[in-house]
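Next comes entry.cif, with mmCIF, C-alpha atoms.
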```
data_entry
loop_
_atom_site.label_atom_id
_atom_site.label_comp_id
_atom_site.auth_asym_id
_atom_site.auth_seq_id
_atom_site.Cartn_x
_atom_site.Cartn_y
_atom_site.Cartn_z
CA MET A 1 0.00 0.00 0.00
CA MET A 2 1.41 3.37 -1.01
CA ASP A 3 0.76 6.85 0.36
CA ARG A 4 -0.66 8.78 -2.64
CA MET A 5 1.15 11.98 -1.75
CA SER A 6 4.61 10.72 -0.78
CA ARG A 7 4.62 7.38 -2.64
CA ARG A 8 6.24 5.90 0.44
CA PRO A 9 5.01 2.46 1.56
CA VAL A 10 2.33 2.76 4.24
CA GLU A 11 2.56 0.08 6.90
CA ILE A 12 -0.63 -1.95 7.14
CA THR A 13 -1.29 -2.80 10.76
CA PRO A 14 -4.14 -4.79 12.31
CA ASP A 15 -5.55 -1.52 13.66
CA LEU A 16 -5.57 0.07 10.20
CA LEU A 17 -7.19 -3.06 8.79
CA LEU A 18 -9.97 -2.90 11.38
CA ARG A 19 -10.59 0.79 10.66
CA ALA A 20 -10.87 -0.04 6.97
CA TYR A 21 -13.45 -2.76 7.61
CA ARG A 22 -15.50 -0.41 9.75
CA ALA A 23 -15.48 2.06 6.85
CA GLY A 24 -16.62 -0.62 4.38
CA LEU A 25 -13.26 -1.34 2.72
CA PHE A 26 -11.35 -4.60 2.40
CA PRO A 27 -7.85 -5.47 1.13
CA MET A 28 -6.64 -7.71 -1.67
CA ALA A 29 -3.29 -8.39 -3.29
CA GLU A 30 -2.87 -8.61 -7.07
CA SER A 31 -1.43 -12.10 -6.77
CA ARG A 32 0.06 -14.56 -4.34
CA ALA A 33 3.51 -13.18 -5.15
CA GLY A 34 2.37 -9.55 -5.19
CA ARG A 35 3.75 -7.34 -2.44
CA ARG A 36 1.25 -4.48 -2.61
CA LEU A 37 -2.24 -4.48 -1.08
CA TYR A 38 -5.17 -2.53 -2.47
CA TRP A 39 -8.32 -1.32 -0.72
CA LEU A 40 -11.56 -2.29 -2.45
CA ASP A 41 -14.88 -0.49 -2.09
CA PRO A 42 -17.12 -1.98 -4.83
CA GLU A 43 -20.20 -0.17 -6.10
CA LEU A 44 -22.21 -3.36 -5.57
CA ARG A 45 -21.57 -5.43 -2.46
CA GLY A 46 -22.42 -9.07 -1.95
CA ILE A 47 -24.21 -9.99 1.26
CA LEU A 48 -25.88 -13.18 2.43
CA PRO A 49 -29.02 -12.31 4.42
CA LEU A 50 -28.91 -14.48 7.53
CA ASP A 51 -32.70 -14.71 7.67
CA GLY A 52 -32.88 -15.67 3.99
CA PHE A 53 -30.25 -18.39 3.84
CA HIS A 54 -31.33 -21.23 1.57
CA LEU A 55 -30.24 -24.72 2.65
CA PRO A 56 -30.89 -27.41 0.01
CA ARG A 57 -32.32 -30.66 1.38
CA ARG A 58 -29.46 -32.82 0.18
CA LEU A 59 -26.92 -30.55 1.78
CA ARG A 60 -28.94 -30.47 5.01
CA ARG A 61 -28.69 -34.26 5.20
CA THR A 62 -24.94 -34.08 4.60
CA VAL A 63 -24.40 -31.41 7.26
CA LEU A 64 -26.44 -33.31 9.86
CA SER A 65 -24.77 -36.64 9.09
CA ASP A 66 -21.51 -37.96 10.50
CA ALA A 67 -19.70 -37.47 7.18
CA PHE A 68 -17.52 -34.66 8.55
CA THR A 69 -16.32 -33.19 11.81
CA VAL A 70 -16.66 -29.41 11.98
CA THR A 71 -14.77 -27.12 14.35
CA ALA A 72 -14.26 -23.39 14.80
CA ASP A 73 -10.94 -21.63 15.47
CA ALA A 74 -9.14 -24.98 15.77
CA ASP A 75 -6.49 -24.24 13.10
CA PHE A 76 -6.81 -20.74 11.67
CA PRO A 77 -3.34 -20.69 10.04
CA ALA A 78 -4.09 -23.93 8.16
CA VAL A 79 -7.40 -22.55 6.88
CA ILE A 80 -5.97 -19.32 5.52
CA ALA A 81 -3.07 -21.28 4.00
CA GLY A 82 -5.59 -23.60 2.35
CA CYS A 83 -7.50 -20.62 0.95
CA ALA A 84 -4.25 -19.20 -0.47
CA ALA A 85 -3.04 -22.46 -2.02
CA PRO A 86 -3.48 -23.17 -5.75
CA ALA A 87 -6.50 -25.25 -6.71
CA PRO A 88 -8.03 -26.50 -9.97
CA GLY A 89 -9.37 -23.46 -11.78
CA ARG A 90 -7.59 -21.12 -9.38
CA GLU A 91 -3.87 -21.29 -9.99
CA ASP A 92 -3.17 -17.95 -8.30
CA SER A 93 -4.54 -16.20 -5.22
CA TRP A 94 -5.16 -12.68 -3.93
CA ILE A 95 -4.01 -13.87 -0.48
CA ASN A 96 -0.31 -13.00 -0.21
CA PRO A 97 1.95 -13.55 2.82
CA GLU A 98 1.15 -10.05 4.12
CA ILE A 99 -2.56 -10.82 4.22
CA GLU A 100 -1.84 -14.13 5.95
CA ARG A 101 0.23 -12.30 8.56
CA LEU A 102 -2.36 -9.59 9.19
CA PHE A 103 -5.33 -11.93 9.51
CA THR A 104 -3.42 -14.38 11.69
CA GLU A 105 -2.69 -11.45 14.01
CA LEU A 106 -6.39 -10.53 14.02
CA HIS A 107 -7.11 -14.14 14.95
CA ARG A 108 -4.73 -13.87 17.91
CA MET A 109 -6.66 -10.75 18.91
CA GLY A 110 -9.91 -12.74 18.85
CA LEU A 111 -11.34 -10.87 15.85
CA ALA A 112 -10.67 -13.22 12.92
CA HIS A 113 -12.23 -16.66 12.97
CA SER A 114 -12.19 -19.89 11.01
CA ILE A 115 -14.47 -22.84 10.40
CA GLU A 116 -12.66 -26.14 9.74
CA VAL A 117 -14.14 -29.27 8.17
CA TRP A 118 -12.30 -32.52 8.87
CA GLY A 119 -12.49 -36.02 7.49
CA GLY A 120 -10.32 -38.98 8.41
CA GLY A 121 -8.24 -36.73 10.64
CA GLU A 122 -7.35 -34.41 7.74
CA LEU A 123 -8.41 -30.83 7.08
CA LEU A 124 -10.62 -31.02 4.01
CA GLY A 125 -11.69 -27.41 3.80
CA GLY A 126 -13.00 -24.38 5.61
CA LEU A 127 -13.42 -20.63 5.60
CA TYR A 128 -12.29 -17.58 7.52
CA GLY A 129 -13.38 -14.00 8.14
CA VAL A 130 -13.49 -11.10 10.58
CA ALA A 131 -16.14 -10.40 13.23
CA LEU A 132 -16.82 -6.83 14.36
CA GLY A 133 -19.95 -6.08 16.34
CA GLY A 134 -22.79 -7.85 14.56
CA ALA A 135 -21.00 -7.92 11.20
CA PHE A 136 -19.04 -10.87 9.87
CA PHE A 137 -16.81 -10.19 6.87
CA GLY A 138 -16.34 -13.45 4.99
CA GLU A 139 -12.95 -13.52 3.31
CA SER A 140 -12.33 -16.83 1.57
CA MET A 141 -13.10 -20.55 1.61
CA PHE A 142 -11.54 -23.69 0.19
CA SER A 143 -12.49 -27.30 -0.37
CA ARG A 144 -10.58 -30.51 -1.02
CA ALA A 145 -13.66 -32.74 -1.23
CA ARG A 146 -17.24 -32.45 -2.41
CA ASP A 147 -19.56 -30.23 -0.33
CA VAL A 148 -16.88 -29.31 2.20
CA SER A 149 -16.94 -25.53 1.71
CA LYS A 150 -20.74 -25.67 1.68
CA VAL A 151 -20.75 -27.50 5.01
CA ALA A 152 -18.43 -24.84 6.44
CA LEU A 153 -20.77 -22.07 5.23
CA VAL A 154 -23.82 -23.71 6.81
CA HIS A 155 -22.00 -23.97 10.13
CA LEU A 156 -20.92 -20.35 9.86
CA VAL A 157 -24.47 -19.13 9.22
CA ALA A 158 -25.86 -21.18 12.12
CA ARG A 159 -23.22 -19.76 14.49
CA LEU A 160 -23.85 -16.20 13.34
CA ARG A 161 -27.59 -16.55 13.86
CA LEU A 162 -27.08 -17.99 17.33
CA GLY A 163 -24.63 -15.22 18.19
CA GLY A 164 -26.92 -12.37 17.19
CA PHE A 165 -25.09 -11.25 14.04
CA THR A 166 -27.07 -9.20 11.55
CA LEU A 167 -24.75 -8.89 8.53
CA LEU A 168 -22.77 -11.49 6.59
CA ASP A 169 -20.62 -9.68 4.03
CA THR A 170 -19.51 -11.89 1.12
CA GLN A 171 -17.82 -8.96 -0.71
CA PHE A 172 -18.90 -10.24 -4.13
CA ILE A 173 -21.57 -12.58 -5.45
CA THR A 174 -20.57 -15.84 -7.12
CA GLU A 175 -22.55 -18.71 -8.59
CA HIS A 176 -21.49 -20.79 -5.59
CA LEU A 177 -22.84 -18.23 -3.11
CA ALA A 178 -25.94 -17.28 -5.11
CA GLN A 179 -27.48 -20.72 -4.55
CA PHE A 180 -27.67 -19.93 -0.82
CA GLY A 181 -29.45 -16.60 -1.24
CA THR A 182 -26.57 -14.15 -1.66
CA ILE A 183 -27.63 -10.81 -3.15
CA GLU A 184 -25.95 -7.60 -4.29
CA ILE A 185 -26.80 -4.23 -2.79
CA PRO A 186 -25.55 -0.72 -3.65
CA ARG A 187 -22.55 0.64 -1.77
CA ALA A 188 -24.62 3.24 0.13
CA GLU A 189 -27.11 0.60 1.30
CA TYR A 190 -24.29 -1.68 2.36
CA LYS A 191 -22.67 1.04 4.45
CA ARG A 192 -26.01 1.83 6.09
CA ARG A 193 -26.45 -1.82 7.06
CA LEU A 194 -22.82 -2.02 8.13
CA ALA A 195 -23.19 0.95 10.51
CA GLU A 196 -26.21 -0.70 12.13
CA ALA A 197 -24.48 -4.08 12.37
CA LEU A 198 -21.35 -2.66 14.00
CA ASP A 199 -23.50 -1.46 16.91
CA ALA A 200 -25.26 -4.81 17.35
CA PRO A 201 -24.43 -6.71 20.57
CA ALA A 202 -23.37 -9.92 18.84
CA ARG A 203 -20.98 -12.59 20.07
CA TRP A 204 -18.84 -15.09 18.15
CA LEU A 205 -19.57 -18.61 19.41
CA THR A 206 -16.79 -21.14 18.95
CA ALA A 207 -18.67 -24.11 20.40
CA PRO A 208 -22.30 -23.01 20.83
CA GLU A 209 -25.02 -25.07 22.42
CA GLY A 210 -27.94 -25.86 20.16
CA LEU A 211 -25.91 -25.70 16.95
CA GLU A 212 -27.59 -28.72 15.39
CA ASP A 213 -31.03 -27.30 16.21
CA ALA A 214 -29.98 -23.99 14.65
CA ILE A 215 -28.97 -25.81 11.47
CA ARG A 216 -32.34 -27.57 11.38
CA THR A 217 -34.12 -24.20 11.49
CA LEU A 218 -32.42 -23.01 8.28
CA ARG A 219 -35.04 -23.07 5.58
CA GLY A 220 -34.80 -25.14 2.44
#
```

Please render this file's structure as structure tokens.
Amino acid sequence: MMDRMSRRPVEITPDLLLRAYRAGLFPMAESRAGRRLYWLDPELRGILPLDGFHLPRRLRRTVLSDAFTVTADADFPAVIAGCAAPAPGREDSWINPEIERLFTELHRMGLAHSIEVWGGGELLGGLYGVALGGAFFGESMFSRARDVSKVALVHLVARLRLGGFTLLDTQFITEHLAQFGTIEIPRAEYKRRLAEALDAPARWLTAPEGLEDAIRTLRG
């Protein structure tokens, strides 16, 4: 990140990152090897309404089965590394080492969180993001087996609903996210909802009671 006036590198700290999120901005690198970070503030913002989440029946059966073990905050560094790693159809990544460092520090501060999905003792996928007030900023997800990232998303939504969150920011809308009810809203509307969510008395729940019941209440 460069200072526009001096062209000197501006140090990105966890505090600066948090201020950016509160203002509606988020960072990305040009590539995995890229050294510079850029602030994004898209005209249309993707959000997943927590009260409008669509859970397909087949996926509901998978989530409620014993096919996977799901945890939260059990291995944040492994999740962000998995999101940054090359995958079929995604040979490069916007997650560079600087982003890994910053978000791992936010995790140590109790503000960045991960959902892990395990099978056979191995990490098969997951997602991570930042929680501020009643807003959760979803950053990235990865999957090494069928349905794994979807299972992680269902568990995230159930936790957020139990914890009193009001906004799940997906940044952009993709075909993968659209099937669950993700929509796009104008920048001004997003920032209005963000301001309200930041004041909400929400709480991140790592191991909440009633999680399975909360998943069952998600509509199909």

- Message: Evaluate the PyMOL selection byres ((chain A and resi 120-131) around 8) against this structure - the residues, as a PyMOL selection string, please.
- Response: chain A and resi 76+79-80+82-83+106+111-119+132-145+148-149+152-153+204

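Taking only C-alpha atoms into account, Ala29 (chain A) lies nearest to A:Ile95 out of the set A:Arg187, A:Asp51, A:Ile95, A:Arg60.
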
How close does each residue of region 93-211 of chain A get to region 44-49 of chain A, giving the shortest atom pair and distance in Å to one decimal for every residue with an atom at most 10 Å away, counting only C-alpha atoms, sorted by chain and residue number, as a Markdown table?
```
| residue | atom | partner | partner_atom | distance |
| --- | --- | --- | --- | --- |
| A:Phe137 | CA | A:Ile47 | CA | 9.3 |
| A:Gly138 | CA | A:Ile47 | CA | 9.4 |
| A:Val157 | CA | A:Leu48 | CA | 9.1 |
| A:Thr166 | CA | A:Pro49 | CA | 8.0 |
| A:Leu167 | CA | A:Pro49 | CA | 6.8 |
| A:Leu168 | CA | A:Leu48 | CA | 5.5 |
| A:Asp169 | CA | A:Ile47 | CA | 4.5 |
| A:Thr170 | CA | A:Ile47 | CA | 5.1 |
| A:Gln171 | CA | A:Gly46 | CA | 4.8 |
| A:Phe172 | CA | A:Gly46 | CA | 4.3 |
| A:Ile173 | CA | A:Gly46 | CA | 5.0 |
| A:Thr174 | CA | A:Gly46 | CA | 8.7 |
| A:Leu177 | CA | A:Leu48 | CA | 8.1 |
| A:Ala178 | CA | A:Leu48 | CA | 8.6 |
| A:Phe180 | CA | A:Leu48 | CA | 7.7 |
| A:Gly181 | CA | A:Leu48 | CA | 6.2 |
| A:Thr182 | CA | A:Leu48 | CA | 4.3 |
| A:Ile183 | CA | A:Gly46 | CA | 5.6 |
| A:Glu184 | CA | A:Gly46 | CA | 4.5 |
| A:Ile185 | CA | A:Arg45 | CA | 5.4 |
| A:Pro186 | CA | A:Leu44 | CA | 4.7 |
| A:Arg187 | CA | A:Leu44 | CA | 5.5 |
| A:Ala188 | CA | A:Leu44 | CA | 9.0 |
| A:Glu189 | CA | A:Arg45 | CA | 9.0 |
| A:Tyr190 | CA | A:Arg45 | CA | 6.7 |
| A:Lys191 | CA | A:Arg45 | CA | 9.5 |
```

- Query: Between CA of Tyr21 (chain A) and CA of Val154 (chain A), what is the distance, to one decimal in Å?
  - Reply: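 Going from CA of Tyr21 (chain A) over to CA of Val154 (chain A), I get 23.4 Å.
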
Shell around Pro14 (chain A) at 8 Å using only C-alpha atoms, local window under 5 positions removed, as an mmCIF file with C-alpha atoms, in the frame of the given file:
```cif
data_model
loop_
_atom_site.group_PDB
_atom_site.id
_atom_site.type_symbol
_atom_site.label_atom_id
_atom_site.label_comp_id
_atom_site.auth_asym_id
_atom_site.auth_seq_id
_atom_site.Cartn_x
_atom_site.Cartn_y
_atom_site.Cartn_z
ATOM 1 C CA LEU A 102 -2.360 -9.590 9.190
ATOM 2 C CA PHE A 103 -5.330 -11.930 9.510
ATOM 3 C CA GLU A 105 -2.690 -11.450 14.010
ATOM 4 C CA LEU A 106 -6.390 -10.530 14.020
#
```

- Item | Residues near Arg159 (chain A), cut-off 9 Å, all atoms listed in the file, skip fewer than 5 positions along chain, as a list in words |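 Neighbouring residues, sequence-local ones excluded: Val154, Gly164, Phe165, Trp204, Leu205, Thr206, Ala207, Pro208, Leu211, Ala214 and Ile215 of chain A.
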
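Counting from CA of Ala72 (chain A), the distance to CA of Leu156 (chain A) is 8.8 Å.
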
- Carefully work through the PyMOL selection byres ((chain A and resi 36) around 10) for this structure and note down the residues it includes, as a list in words.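 Residues picked by the PyMOL selection byres ((chain A and resi 36) around 10): Met1, Met2, Pro9, Pro27, Met28, Ala29, Glu30, Ser31, Ala33, Gly34, Arg35, Leu37, Tyr38, Asn96 and Glu98 of chain A.
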
For the residues in that selection, give me C-alpha atoms as a CSV table (one decimal), in the coordinates of the input.
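New file part.csv:
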```csv
chain,number,residue,atom,x,y,z
A,1,MET,CA,0.0,0.0,0.0
A,2,MET,CA,1.4,3.4,-1.0
A,9,PRO,CA,5.0,2.5,1.6
A,27,PRO,CA,-7.8,-5.5,1.1
A,28,MET,CA,-6.6,-7.7,-1.7
A,29,ALA,CA,-3.3,-8.4,-3.3
A,30,GLU,CA,-2.9,-8.6,-7.1
A,31,SER,CA,-1.4,-12.1,-6.8
A,33,ALA,CA,3.5,-13.2,-5.2
A,34,GLY,CA,2.4,-9.6,-5.2
A,35,ARG,CA,3.8,-7.3,-2.4
A,37,LEU,CA,-2.2,-4.5,-1.1
A,38,TYR,CA,-5.2,-2.5,-2.5
A,96,ASN,CA,-0.3,-13.0,-0.2
A,98,GLU,CA,1.2,-10.0,4.1
```

- Figure out the distance between CA of Leu25 (chain A) and CA of Ile99 (chain A), please, to one decimal in Å.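 If I compute the distance from CA of Ile99 (chain A) to CA of Leu25 (chain A), I get 14.4 Å.
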
- Shortest interatomic distance to Arg146 (chain A) - which of A:Phe68, A:Glu209, A:His54, A:Pro42, counting all atoms listed in the file: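 Smallest separation from Arg146 (chain A) among the options: A:Phe68.
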
- Considering only C-alpha atoms, state which residue in the set A:Ala158, A:Leu40, A:Ala78, A:Ala202 is at the smallest distance from Thr217 (chain A).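 Closest to Thr217 (chain A), using only C-alpha atoms: A:Ala158.
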
- Have a look at A:Leu55, A:Pro77, A:Phe26, A:Ala85 and name the one nearest to Thr104 (chain A); count only C-alpha atoms.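 Going through A:Leu55, A:Pro77, A:Phe26, A:Ala85 one by one, the smallest distance to Thr104 (chain A) is for A:Pro77.
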
- Query: Which residue, A:Asp41, A:Glu212, A:Glu175, A:Glu11, has the smallest gap to Gly24 (chain A) when you use only C-alpha atoms?
  - Reply: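 Under the stated criterion, the closest residue is A:Asp41.
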
- Message: From the options A:Thr71, A:Arg161, A:Ala197, A:Arg32, which residue's atoms come nearest to Pro97 (chain A), counting all atoms listed in the file?
- Response: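 Looking at the shortest contact to Pro97 (chain A), the residue is A:Arg32.
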